[in-house]
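Novice: My file is run25.txt. It has compact mmCIF, C-alpha atoms:
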```
# COMPACT_ATOMS: atom_id res chain seq x y z
CA MET A 1 -16.63 -23.85 -15.84
CA GLN A 2 -18.43 -26.98 -17.08
CA LEU A 3 -19.74 -27.28 -13.55
CA ALA A 4 -21.10 -23.71 -13.68
CA ARG A 5 -22.80 -24.39 -17.04
CA ARG A 6 -24.38 -27.67 -16.04
CA LEU A 7 -25.45 -27.01 -12.47
CA PRO A 8 -28.58 -25.03 -13.47
CA ASP A 9 -29.76 -28.17 -15.34
CA VAL A 10 -30.06 -30.18 -12.16
CA ALA A 11 -32.69 -29.66 -9.49
CA ALA A 12 -31.88 -27.98 -6.20
CA GLY A 13 -30.75 -30.60 -3.71
CA ASP A 14 -29.42 -32.93 -6.42
CA VAL A 15 -25.81 -33.99 -6.38
CA VAL A 16 -23.37 -33.54 -9.27
CA THR A 17 -20.03 -35.29 -9.54
CA VAL A 18 -17.14 -33.74 -11.42
CA VAL A 19 -14.37 -35.95 -12.70
CA ALA A 20 -11.20 -33.93 -13.25
CA ASP A 21 -7.54 -34.82 -13.57
CA ASP A 22 -6.43 -31.16 -13.36
CA PRO A 23 -4.43 -30.90 -10.10
CA ALA A 24 -5.93 -27.45 -9.47
CA ALA A 25 -9.44 -28.94 -9.29
CA LYS A 26 -8.79 -30.14 -5.75
CA VAL A 27 -8.58 -26.50 -4.65
CA ASP A 28 -10.71 -24.77 -7.26
CA ILE A 29 -13.89 -26.85 -6.98
CA PRO A 30 -14.24 -26.28 -3.19
CA ALA A 31 -13.33 -22.60 -3.77
CA TRP A 32 -15.99 -22.34 -6.49
CA CYS A 33 -18.58 -23.87 -4.16
CA ARG A 34 -17.69 -21.36 -1.43
CA MET A 35 -17.86 -18.39 -3.82
CA ARG A 36 -21.11 -19.58 -5.45
CA ARG A 37 -22.61 -20.75 -2.13
CA GLN A 38 -23.01 -24.36 -3.25
CA GLU A 39 -22.44 -27.32 -0.97
CA TYR A 40 -19.13 -29.12 -1.44
CA LEU A 41 -19.51 -32.73 -0.30
CA GLY A 42 -16.01 -34.10 -0.78
CA GLU A 43 -13.61 -35.94 -3.03
CA ASP A 44 -13.04 -39.59 -3.90
CA ARG A 45 -11.76 -41.50 -6.91
CA ALA A 46 -13.59 -42.78 -9.95
CA PRO A 47 -13.11 -46.50 -10.75
CA ASP A 48 -10.33 -45.59 -13.19
CA GLY A 49 -8.46 -43.68 -10.45
CA VAL A 50 -9.23 -40.15 -11.62
CA PRO A 51 -10.22 -37.74 -8.80
CA ARG A 52 -13.97 -37.16 -8.50
CA PHE A 53 -15.59 -34.23 -6.68
CA TRP A 54 -19.12 -34.19 -5.26
CA VAL A 55 -21.24 -31.03 -5.23
CA ARG A 56 -24.88 -30.57 -4.12
CA ARG A 57 -26.85 -27.82 -5.79
CA ALA A 58 -28.16 -25.31 -3.25
CA ALA A 59 -31.80 -24.21 -3.36
CA GLU A 60 -30.84 -20.52 -3.24
CA PRO A 61 -29.17 -18.57 -4.68
CA ASP A 62 -28.97 -19.59 -8.32
CA ALA A 63 -25.74 -21.32 -9.24
CA SER A 64 -25.58 -19.83 -12.73
CA PRO A 65 -23.07 -17.03 -13.29
CA SER A 66 -24.39 -13.60 -12.35
CA ALA A 67 -25.71 -11.51 -15.20
CA SER A 68 -23.21 -8.71 -15.59
CA MET B 69 15.97 0.61 -9.35
CA LEU B 70 15.52 3.93 -7.51
CA PRO B 71 17.34 6.89 -9.11
CA ALA B 72 19.41 7.43 -5.94
CA ALA B 73 20.56 3.81 -6.08
CA ARG B 74 21.54 4.13 -9.74
CA GLU B 75 23.68 7.20 -9.03
CA VAL B 76 25.45 5.51 -6.14
CA TRP B 77 26.02 2.41 -8.25
CA GLN B 78 27.56 4.40 -11.11
CA ARG B 79 29.95 6.24 -8.76
CA ALA B 80 30.87 3.03 -6.96
CA VAL B 81 31.75 1.28 -10.22
CA ASP B 82 34.53 3.87 -10.61
CA GLN B 83 35.69 3.86 -6.98
CA GLY B 84 34.86 0.42 -5.59
CA TYR B 85 36.01 -1.92 -8.34
CA ALA B 86 38.98 -3.41 -6.46
CA ASP B 87 39.26 -6.46 -4.21
CA PRO B 88 38.34 -5.25 -0.70
CA ARG B 89 40.80 -7.78 0.79
CA ARG B 90 43.83 -6.14 -0.84
CA LEU B 91 45.92 -3.57 0.98
CA HIS B 92 46.64 -1.24 -1.95
CA HIS B 93 44.82 2.06 -2.13
CA ALA B 94 42.05 0.91 -4.45
CA GLY B 95 41.49 -2.19 -2.30
CA ARG B 96 41.24 -0.12 0.87
CA THR B 97 38.74 2.19 -0.83
CA ALA B 98 36.60 -0.79 -1.85
CA ARG B 99 36.78 -2.14 1.72
CA LEU B 100 35.69 1.22 3.11
CA LEU B 101 32.72 1.35 0.74
CA LEU B 102 31.76 -2.23 1.65
CA ASP B 103 31.89 -1.42 5.37
CA ASN B 104 29.83 1.73 4.79
CA ALA B 105 27.19 -0.31 2.96
CA ARG B 106 27.08 -2.83 5.80
CA GLU B 107 26.68 -0.12 8.43
CA ALA B 108 23.97 1.72 6.50
CA THR B 109 22.09 -1.56 5.89
CA ALA B 110 22.37 -2.53 9.56
CA GLU B 111 21.07 0.84 10.69
CA ALA B 112 18.12 0.76 8.28
CA LEU B 113 17.16 -2.79 9.31
CA GLU B 114 17.79 -2.05 13.01
CA VAL B 115 20.41 -4.78 13.45
CA ARG B 116 24.17 -4.79 14.23
CA PRO B 117 26.68 -4.45 11.37
CA ASP B 118 28.28 -7.82 12.24
CA GLU B 119 24.87 -9.46 11.78
CA VAL B 120 24.73 -8.38 8.09
CA THR B 121 26.07 -10.54 5.24
CA PHE B 122 25.63 -9.57 1.59
CA THR B 123 24.76 -12.40 -0.80
CA GLY B 124 24.23 -12.71 -4.55
CA SER B 125 20.42 -12.77 -4.26
CA GLY B 126 17.51 -13.10 -1.87
CA THR B 127 17.40 -16.78 -2.74
CA GLU B 128 21.04 -17.25 -1.72
CA ALA B 129 20.30 -15.45 1.56
CA VAL B 130 17.39 -17.89 2.11
CA HIS B 131 19.65 -20.88 1.39
CA ARG B 132 22.45 -19.73 3.70
CA GLY B 133 20.12 -18.57 6.45
CA LEU B 134 17.90 -21.65 6.58
CA LEU B 135 20.59 -24.24 5.93
CA GLY B 136 23.12 -22.54 8.23
CA LEU B 137 20.69 -22.77 11.15
CA HIS B 138 20.05 -26.39 10.19
CA ARG B 139 23.78 -27.14 10.14
CA GLY B 140 24.15 -25.54 13.60
CA ARG B 141 21.42 -27.77 15.09
CA SER B 142 21.97 -30.03 18.05
CA PRO B 143 22.37 -33.72 17.13
CA ALA B 144 18.99 -34.72 18.59
CA ARG B 145 17.11 -32.53 16.11
CA SER B 146 16.22 -33.05 12.47
CA GLY B 147 13.80 -31.71 9.88
CA PHE B 148 11.88 -28.48 9.47
CA LEU B 149 8.61 -26.78 10.26
CA VAL B 150 7.70 -24.58 7.30
CA SER B 151 4.61 -22.42 6.89
CA ALA B 152 2.47 -23.63 3.97
CA VAL B 153 2.70 -20.21 2.26
CA GLU B 154 6.51 -19.81 2.22
CA HIS B 155 8.29 -18.87 -0.98
CA SER B 156 9.24 -21.94 -3.00
CA ALA B 157 12.95 -21.18 -2.33
CA VAL B 158 12.37 -22.06 1.33
CA PHE B 159 10.67 -25.35 0.47
CA HIS B 160 13.36 -26.29 -2.04
CA ALA B 161 16.17 -25.54 0.44
CA ALA B 162 14.51 -27.49 3.27
CA ARG B 163 13.81 -30.53 1.03
CA TRP B 164 17.37 -30.43 -0.30
CA THR B 165 18.59 -31.71 3.08
CA GLY B 166 16.56 -34.89 2.60
CA GLU B 167 15.07 -34.46 6.09
CA PRO B 168 11.32 -34.28 6.83
CA VAL B 169 9.55 -30.97 6.07
CA HIS B 170 6.37 -30.46 8.12
CA GLU B 171 3.95 -27.82 6.84
CA LEU B 172 2.28 -25.39 9.24
CA PRO B 173 -1.29 -24.86 7.96
CA VAL B 174 -2.69 -21.39 7.31
CA THR B 175 -6.16 -19.87 7.64
CA SER B 176 -8.16 -18.62 4.64
CA THR B 177 -6.35 -15.26 4.92
CA GLY B 178 -2.93 -16.94 4.71
CA ALA B 179 -1.89 -16.49 8.36
CA VAL B 180 -0.34 -19.41 10.24
CA ASP B 181 -2.85 -20.71 12.76
CA PRO B 182 -1.00 -20.92 16.12
CA ALA B 183 -3.16 -23.78 17.46
CA SER B 184 -2.49 -25.95 14.39
CA ALA B 185 1.18 -24.96 14.51
CA ALA B 186 1.39 -26.27 18.08
CA GLU B 187 -0.20 -29.58 16.99
CA VAL B 188 2.21 -29.99 14.06
CA ASN B 189 5.12 -29.16 16.35
CA ASP B 190 4.04 -31.85 18.85
CA ARG B 191 3.55 -34.43 16.12
CA ALA B 192 6.84 -33.64 14.37
CA GLY B 193 9.01 -33.99 17.48
CA PRO B 194 12.24 -32.01 17.89
CA VAL B 195 12.90 -30.39 14.51
CA ALA B 196 15.99 -28.29 13.70
CA VAL B 197 14.48 -25.07 12.29
CA VAL B 198 11.11 -23.37 11.80
CA ALA B 199 10.72 -21.14 8.73
CA VAL B 200 8.00 -18.48 8.67
CA GLN B 201 7.97 -15.44 6.40
CA ALA B 202 7.41 -11.89 7.70
CA ALA B 203 4.68 -11.24 5.13
CA ASN B 204 3.47 -13.13 2.10
CA HIS B 205 4.90 -12.28 -1.32
CA GLU B 206 1.64 -13.09 -3.17
CA VAL B 207 -1.20 -11.95 -0.93
CA GLY B 208 0.57 -9.60 1.49
CA THR B 209 -0.66 -11.19 4.72
CA ARG B 210 1.60 -10.59 7.72
CA GLN B 211 2.28 -13.51 10.04
CA PRO B 212 1.14 -13.23 13.67
CA PHE B 213 4.60 -13.55 15.21
CA PRO B 214 4.41 -13.52 18.97
CA GLU B 215 1.48 -16.00 18.80
CA ILE B 216 3.28 -18.38 16.43
CA TYR B 217 6.35 -18.27 18.60
CA ASP B 218 4.36 -18.99 21.77
CA ALA B 219 2.91 -22.07 20.07
CA LEU B 220 6.31 -23.62 19.30
CA ASP B 221 9.13 -25.27 21.17
CA ASP B 222 11.22 -22.53 22.90
CA GLU B 223 14.58 -23.86 21.70
CA LEU B 224 13.60 -23.83 18.04
CA PRO B 225 15.47 -21.24 15.93
CA LEU B 226 13.28 -19.18 13.56
CA PHE B 227 14.33 -18.51 10.00
CA LEU B 228 12.51 -15.39 8.81
CA ASP B 229 12.08 -14.84 5.07
CA ALA B 230 11.64 -11.07 4.98
CA CYS B 231 12.14 -10.70 1.22
CA ALA B 232 8.64 -9.30 0.60
CA SER B 233 8.61 -6.85 3.51
CA ALA B 234 12.18 -5.75 4.38
CA GLY B 235 12.58 -2.00 3.98
CA ARG B 236 8.84 -1.39 3.73
CA GLU B 237 8.25 -2.49 7.31
CA ALA B 238 10.38 -3.11 10.41
CA LEU B 239 11.38 -6.75 10.91
CA PRO B 240 9.34 -8.67 13.48
CA ASP B 241 11.27 -9.82 16.58
CA GLY B 242 12.33 -13.32 17.52
CA TRP B 243 14.28 -14.56 14.48
CA SER B 244 17.68 -16.26 14.54
CA ALA B 245 18.44 -15.74 10.84
CA ALA B 246 16.61 -13.72 8.21
CA ALA B 247 16.80 -13.06 4.46
CA ALA B 248 16.01 -10.00 2.35
CA SER B 249 16.36 -9.04 -1.30
CA ALA B 250 17.53 -5.62 -2.51
CA HIS B 251 15.57 -5.48 -5.76
CA LYS B 252 12.36 -5.71 -3.72
CA TRP B 253 13.07 -2.33 -2.11
CA GLY B 254 14.28 -0.59 -5.26
CA GLY B 255 17.90 -1.67 -5.08
CA PRO B 256 19.82 -3.40 -7.89
CA PRO B 257 19.35 -7.04 -8.90
CA GLY B 258 21.95 -9.51 -7.65
CA VAL B 259 22.07 -8.35 -4.03
CA GLY B 260 20.55 -10.24 -1.12
CA VAL B 261 20.99 -9.70 2.60
CA LEU B 262 21.49 -12.49 5.12
CA LEU B 263 21.04 -11.54 8.79
CA VAL B 264 22.31 -13.83 11.53
CA ARG B 265 21.59 -12.80 15.12
CA ARG B 266 24.62 -12.56 17.35
CA GLY B 267 24.98 -15.67 19.50
CA THR B 268 23.02 -17.88 17.08
CA ARG B 269 24.30 -21.39 16.34
CA TRP B 270 24.74 -20.86 12.61
CA ARG B 271 27.31 -22.92 10.66
CA ASN B 272 28.24 -22.33 7.04
CA PRO B 273 26.30 -24.94 5.02
CA PHE B 274 28.54 -24.45 1.98
CA PRO B 275 32.33 -24.39 1.42
CA GLU B 276 34.23 -21.55 3.07
CA ASP B 277 35.72 -18.91 0.81
CA ASP B 278 38.11 -16.76 2.94
CA ARG B 279 36.43 -13.52 1.95
CA VAL B 280 35.86 -10.36 4.03
CA ASP B 281 32.76 -11.93 5.57
CA VAL B 282 33.10 -15.60 6.58
CA ARG B 283 29.40 -16.23 6.00
CA ALA B 284 29.63 -15.20 2.32
CA SER B 285 31.43 -16.53 -0.72
CA GLY B 286 32.67 -15.01 -3.95
CA PHE B 287 34.17 -11.66 -4.87
CA GLU B 288 32.23 -8.87 -3.14
CA ASN B 289 29.82 -6.87 -5.32
CA VAL B 290 30.77 -3.52 -3.80
CA PRO B 291 28.84 -1.26 -6.25
CA GLY B 292 25.78 -3.47 -5.88
CA VAL B 293 25.71 -3.52 -2.09
CA LEU B 294 26.30 0.25 -1.89
CA ALA B 295 23.42 0.91 -4.26
CA ALA B 296 21.27 -1.53 -2.27
CA ALA B 297 22.07 0.30 0.96
CA ALA B 298 21.31 3.71 -0.61
CA ALA B 299 17.94 2.50 -1.87
CA LEU B 300 17.14 0.94 1.49
CA GLN B 301 17.92 4.18 3.35
CA GLU B 302 15.66 6.13 1.02
CA VAL B 303 12.77 3.65 1.33
CA VAL B 304 13.05 3.48 5.12
CA ALA B 305 13.23 7.28 5.47
CA ASP B 306 9.74 7.87 4.04
CA ARG B 307 8.12 4.49 4.58
CA ALA B 308 5.52 5.72 7.08
CA ALA B 309 4.01 8.15 4.57
CA THR B 310 4.38 5.73 1.63
CA ALA B 311 2.78 2.88 3.56
CA ALA B 312 -0.16 5.03 4.70
CA ARG B 313 -0.83 6.15 1.12
CA GLN B 314 -0.46 2.66 -0.37
CA HIS B 315 -2.49 1.02 2.38
CA ALA B 316 -5.41 3.35 1.64
CA LEU B 317 -5.14 2.78 -2.14
CA VAL B 318 -5.11 -0.98 -1.70
CA ALA B 319 -8.09 -0.72 0.68
CA ARG B 320 -9.90 1.12 -2.11
CA VAL B 321 -8.95 -1.59 -4.63
CA ARG B 322 -10.15 -4.31 -2.26
CA GLU B 323 -13.46 -2.57 -1.67
CA ARG B 324 -14.17 -1.53 -5.29
CA VAL B 325 -13.13 -4.84 -6.89
CA ALA B 326 -15.42 -6.77 -4.54
CA ALA B 327 -18.27 -4.30 -5.18
CA THR B 328 -18.01 -3.92 -8.97
CA VAL B 329 -16.88 -7.32 -10.26
CA PRO B 330 -19.29 -10.24 -9.81
CA ASP B 331 -17.92 -13.60 -8.69
CA VAL B 332 -14.65 -12.26 -7.46
CA GLU B 333 -12.76 -12.93 -4.26
CA VAL B 334 -10.17 -10.54 -2.86
CA VAL B 335 -7.70 -12.70 -0.95
CA GLY B 336 -5.35 -12.10 1.98
CA ASP B 337 -5.88 -10.27 5.25
CA PRO B 338 -7.68 -6.93 4.73
CA GLU B 339 -5.75 -5.18 7.53
CA HIS B 340 -2.70 -7.17 8.66
CA ARG B 341 -0.94 -7.01 5.32
CA LEU B 342 1.79 -5.35 3.31
CA PRO B 343 0.66 -1.87 2.28
CA HIS B 344 1.23 -2.17 -1.46
CA LEU B 345 0.05 -5.62 -2.49
CA VAL B 346 -3.35 -7.06 -3.35
CA THR B 347 -4.46 -10.26 -5.08
CA PHE B 348 -7.92 -11.16 -6.30
CA SER B 349 -9.40 -14.19 -8.06
CA CYS B 350 -12.12 -14.02 -10.70
CA LEU B 351 -14.27 -17.05 -11.47
CA TYR B 352 -14.50 -18.16 -15.13
CA VAL B 353 -11.58 -15.99 -16.24
CA ASP B 354 -8.15 -17.08 -17.36
CA GLY B 355 -5.59 -15.12 -15.34
CA GLU B 356 -3.21 -14.79 -18.27
CA ALA B 357 -5.94 -13.44 -20.54
CA LEU B 358 -6.84 -10.91 -17.85
CA VAL B 359 -3.25 -9.74 -17.52
CA THR B 360 -2.91 -9.49 -21.31
CA GLU B 361 -6.11 -7.46 -21.66
CA LEU B 362 -5.19 -5.11 -18.81
CA ASP B 363 -1.72 -4.73 -20.25
CA ARG B 364 -3.24 -3.74 -23.59
CA LEU B 365 -5.13 -0.97 -21.78
CA GLY B 366 -1.88 0.26 -20.23
CA PHE B 367 -2.07 -1.42 -16.83
CA GLY B 368 0.79 -3.78 -16.75
CA ILE B 369 4.33 -4.72 -16.23
CA ALA B 370 5.61 -1.95 -18.51
CA SER B 371 7.64 0.53 -16.50
CA GLY B 372 5.99 3.74 -15.34
CA SER B 373 2.51 2.25 -15.37
CA ALA B 374 0.14 2.02 -12.46
CA CYS B 375 0.86 -1.49 -11.48
CA THR B 376 2.48 -4.77 -12.20
CA ALA B 377 0.29 -7.79 -12.51
CA SER B 378 1.12 -11.41 -12.88
CA THR B 379 -0.78 -14.64 -13.03
CA LEU B 380 -0.24 -17.20 -10.35
CA THR B 381 -0.87 -20.59 -11.87
CA PRO B 382 -1.48 -22.69 -9.82
CA SER B 383 -0.05 -21.13 -6.72
CA HIS B 384 0.75 -23.27 -3.66
CA VAL B 385 0.09 -20.15 -1.55
CA LEU B 386 -3.48 -19.78 -2.80
CA ALA B 387 -4.03 -23.55 -2.60
CA ALA B 388 -2.91 -23.56 1.06
CA MET B 389 -5.43 -20.78 1.77
CA GLY B 390 -8.21 -22.66 -0.07
CA ALA B 391 -8.50 -19.74 -2.52
CA LEU B 392 -9.31 -20.10 -6.21
CA THR B 393 -6.04 -20.77 -8.06
CA HIS B 394 -7.37 -19.70 -11.48
CA GLY B 395 -8.13 -16.18 -12.70
CA ASN B 396 -5.76 -14.51 -10.28
CA VAL B 397 -4.29 -11.06 -10.57
CA ARG B 398 -1.73 -9.57 -8.25
CA LEU B 399 -1.50 -5.81 -8.12
CA SER B 400 1.67 -4.33 -6.70
CA LEU B 401 1.72 -0.55 -6.24
CA THR B 402 4.97 1.33 -6.70
CA ARG B 403 6.00 4.39 -4.69
CA ASP B 404 4.83 6.56 -7.58
CA THR B 405 1.43 4.98 -8.22
CA THR B 406 -1.23 7.69 -8.00
CA ALA B 407 -4.86 7.58 -6.92
CA GLU B 408 -5.81 8.54 -10.51
CA GLN B 409 -3.99 5.49 -11.90
CA VAL B 410 -5.69 3.24 -9.38
CA ASP B 411 -9.09 4.73 -10.21
CA ALA B 412 -8.48 4.26 -13.94
CA PHE B 413 -7.64 0.61 -13.29
CA LEU B 414 -10.77 0.16 -11.19
CA ALA B 415 -12.90 1.79 -13.89
CA ALA B 416 -11.50 -0.51 -16.61
CA LEU B 417 -11.52 -3.81 -14.71
CA PRO B 418 -15.25 -4.72 -14.63
CA GLY B 419 -15.58 -4.33 -18.42
CA VAL B 420 -12.50 -6.43 -19.08
CA VAL B 421 -13.75 -9.23 -16.84
CA THR B 422 -17.23 -9.13 -18.44
CA ASP B 423 -15.72 -9.30 -21.95
CA LEU B 424 -13.48 -12.23 -21.07
CA ARG B 425 -16.39 -14.13 -19.51
CA ALA B 426 -18.56 -13.41 -22.56
CA ARG B 427 -15.87 -14.91 -24.83
CA VAL B 428 -16.18 -18.26 -23.06
CA GLY B 429 -19.97 -18.06 -22.92
CA LEU B 430 -20.37 -17.22 -19.24
```
Would you write out, as structure tokens, the structure that this file holds?
Specialist:
Amino acid sequence: MQLARRLPDVAAGDVVTVVADDPAAKVDIPAWCRMRRQEYLGEDRAPDGVPRFWVRRAAEPDASPSAS
Amino acid sequence: MLPAAREVWQRAVDQGYADPRRLHHAGRTARLLLDNAREATAEALEVRPDEVTFTGSGTEAVHRGLLGLHRGRSPARSGFLVSAVEHSAVFHAARWTGEPVHELPVTSTGAVDPASAAEVNDRAGPVAVVAVQAANHEVGTRQPFPEIYDALDDELPLFLDACASAGREALPDGWSAAAASAHKWGGPPGVGVLLVRRGTRWRNPFPEDDRVDVRASGFENVPGVLAAAAALQEVVADRAATAARQHALVARVRERVAATVPDVEVVGDPEHRLPHLVTFSCLYVDGEALVTELDRLGFGIASGSACTASTLTPSHVLAAMGALTHGNVRLSLTRDTTAEQVDAFLAALPGVVTDLRARVGL
């Protein structure tokens, strides 16, 4: 959700990293990228050992939640 | 429980209370009722009566089926192949042996991929048992059986968890042992069915109990198994019509949810699935909040309503499919669910999702 709020703040093509210790993040961040058509780049670990996920903002369509 | 099952159960409590191993009149009556239940169950599941064992639950049938095949293995074999979307009871039972458990990966619809299954099988070496469910309990996807079987070692016995599908659909072929659960088809709680194919190397994994059936233990629940058999007969008798109706209603749910709710994903196979079950995931929505809101509007677990819904947090099934594990709702139609109830649910859902998203600022 933080990812959805913040992604519009970065330029298309820029990369965002998400640091999350929630075990569901490993599944949910790639799933979010697929559903929102953003590019999921992969996972590694931050220096303190917490999982870190890399996402590149797509040019189109807008990553912000649909108006509904 | 189906009304027919309740009636049978009440009558059987009066007539089938005795120990079916005793030779007095009441004991012989109980034995007769037990044998009748076994024959009716065998006929409905299209197996032989001597392949049917009644257990205390679907979980117990899973334990005895899976572990009994494992105990009957040849000495050169050890460990398990288990599909990644099996019920947790299968995983727990396999791990309980302390032997390696190799997961068979699934596609995004939840079906085992035969090519990956063949690779895992080669890498794992000669395992004792492969466990694959008939259809998934969360997303409804049916497993592609002949293809999975072709991908694996010919000597490998298959344990089939049929708890989600038994009664609603015929069992797929090729299993050595299988498990089913009576409450899933409208029977009473506390009755499971273990099936062991004739000629299978199955050995009791637990202590023997000298009961009527050597594969079971404990005093036979005669009223329970009779009620289970009565419910099963009723479900099997009209399953073609029920399945056609439910399949079409679920197709409508799948289509309308995807069309009317933004940022939603309907999971599972759209066609090769159980007729009555559908799961979808909504981004930015807490699954529990969604269930609570829908329940408030009358769509919920309460009896007589259109559907039952439950959150799946975080589900290993959805994770194995790469589906969103948050904001999930599972809709399970009953035999009595009407098109009007489904339409009312579909009309209410988009507003509920919008409100919940608005509350968290999305």
Novice: Identify every residue of chain A that has at least one atom within 6 Å of any atom of chain B, counting only C-alpha atoms, and report the result as a ChimeraX atom specification.
Specialist: /A:27-28,31
Novice: How many Å separate atom CA of B:Val180 from atom CA of A:Arg36?
Specialist: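 A separation of 26.0 Å between them.
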Novice: Grab the atom CA of B:Arg79 to atom CA of B:Ala234 distance for me, in Å with one decimal place.
Specialist: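 Going from atom CA of B:Arg79 over to atom CA of B:Ala234 covers 25.1 Å.
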Novice: Got a sec: who's within 9 Å of A:Lys26, counting only C-alpha atoms, leaving out chain neighbours fewer than 4 positions off, as a ChimeraX atom specification?
Specialist: /A:20,22,30,43,51,53 /B:387
Novice: Might you pull out every residue within 6 Å of stretch 199-201 of chain B, with all atoms listed in the file counted and same-chain residues fewer than 4 positions away left off, and present them as a compact mmCIF listing (two decimals) with C-alpha atoms, in the frame of the given file?
Specialist:
```txt
# COMPACT_ATOMS: atom_id res chain seq x y z
CA VAL B 150 7.70 -24.58 7.30
CA SER B 151 4.61 -22.42 6.89
CA LEU B 226 13.28 -19.18 13.56
CA PHE B 227 14.33 -18.51 10.00
CA LEU B 228 12.51 -15.39 8.81
CA ASP B 229 12.08 -14.84 5.07
CA ALA B 230 11.64 -11.07 4.98
```
Novice: When you look at A:Arg57 with a cut-off of 8 Å (counting all atoms listed in the file), what residues show up, excluding the ones that are within fewer than 3 positions of it in the same chain? I need them as a list in words.
Specialist: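 With the cut-off at 8 Å, the set is Leu7, Val10, Ala11, Ala12, Gly13, Asp14, Val15, Val16, Gln38, Glu39 and Ala63 of chain A.
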Novice: Out of A:Val55, A:Cys33, A:Ala4, A:Leu41, which residue has the shortest atom-to-atom distance to A:Val18 when counting all atoms listed in the file?
Specialist: A:Val55
Novice: I'd like the contact shell of A:Asp44 - 10 Å cut-off, all atoms listed in the file, skipping same-chain residues fewer than 4 positions apart - returned as a PDB file with C-alpha atoms, in the coordinates of the input.
Specialist:
```
ATOM      1  CA  THR A  17     -20.030 -35.290  -9.540  1.00  0.00           C
ATOM      2  CA  VAL A  19     -14.370 -35.950 -12.700  1.00  0.00           C
ATOM      3  CA  GLY A  49      -8.460 -43.680 -10.450  1.00  0.00           C
ATOM      4  CA  VAL A  50      -9.230 -40.150 -11.620  1.00  0.00           C
ATOM      5  CA  PRO A  51     -10.220 -37.740  -8.800  1.00  0.00           C
ATOM      6  CA  ARG A  52     -13.970 -37.160  -8.500  1.00  0.00           C
ATOM      7  CA  PHE A  53     -15.590 -34.230  -6.680  1.00  0.00           C
ATOM      8  CA  TRP A  54     -19.120 -34.190  -5.260  1.00  0.00           C
TER       9      TRP A  54
END
```
Novice: Calculated over only C-alpha atoms, which of the candidates B:Ala129, B:Ala232, B:Ala309, B:Leu362 has the smallest distance to B:Gly260?
Specialist: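 Among the listed residues, B:Ala129 lies closest to B:Gly260.
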Novice: Given only C-alpha atoms as the basis, pick out the residue of A:Ala58, A:Leu3, A:Ala24, A:Met35 nearest to B:Ala326.
Specialist: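 Closest to B:Ala326, using only C-alpha atoms: A:Met35.
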Novice: At a cut-off of 9 Å, using only C-alpha atoms, what residues contact B:Val282? Leave out same-chain residues fewer than 4 positions from it and give the result as a PyMOL selection string.
Specialist: chain B and resi 121+272+276-278
Novice: For atom CA of B:Arg269 and atom CA of B:His138, quote the distance in Å rounded to one decimal.
Specialist: 9.0 Å
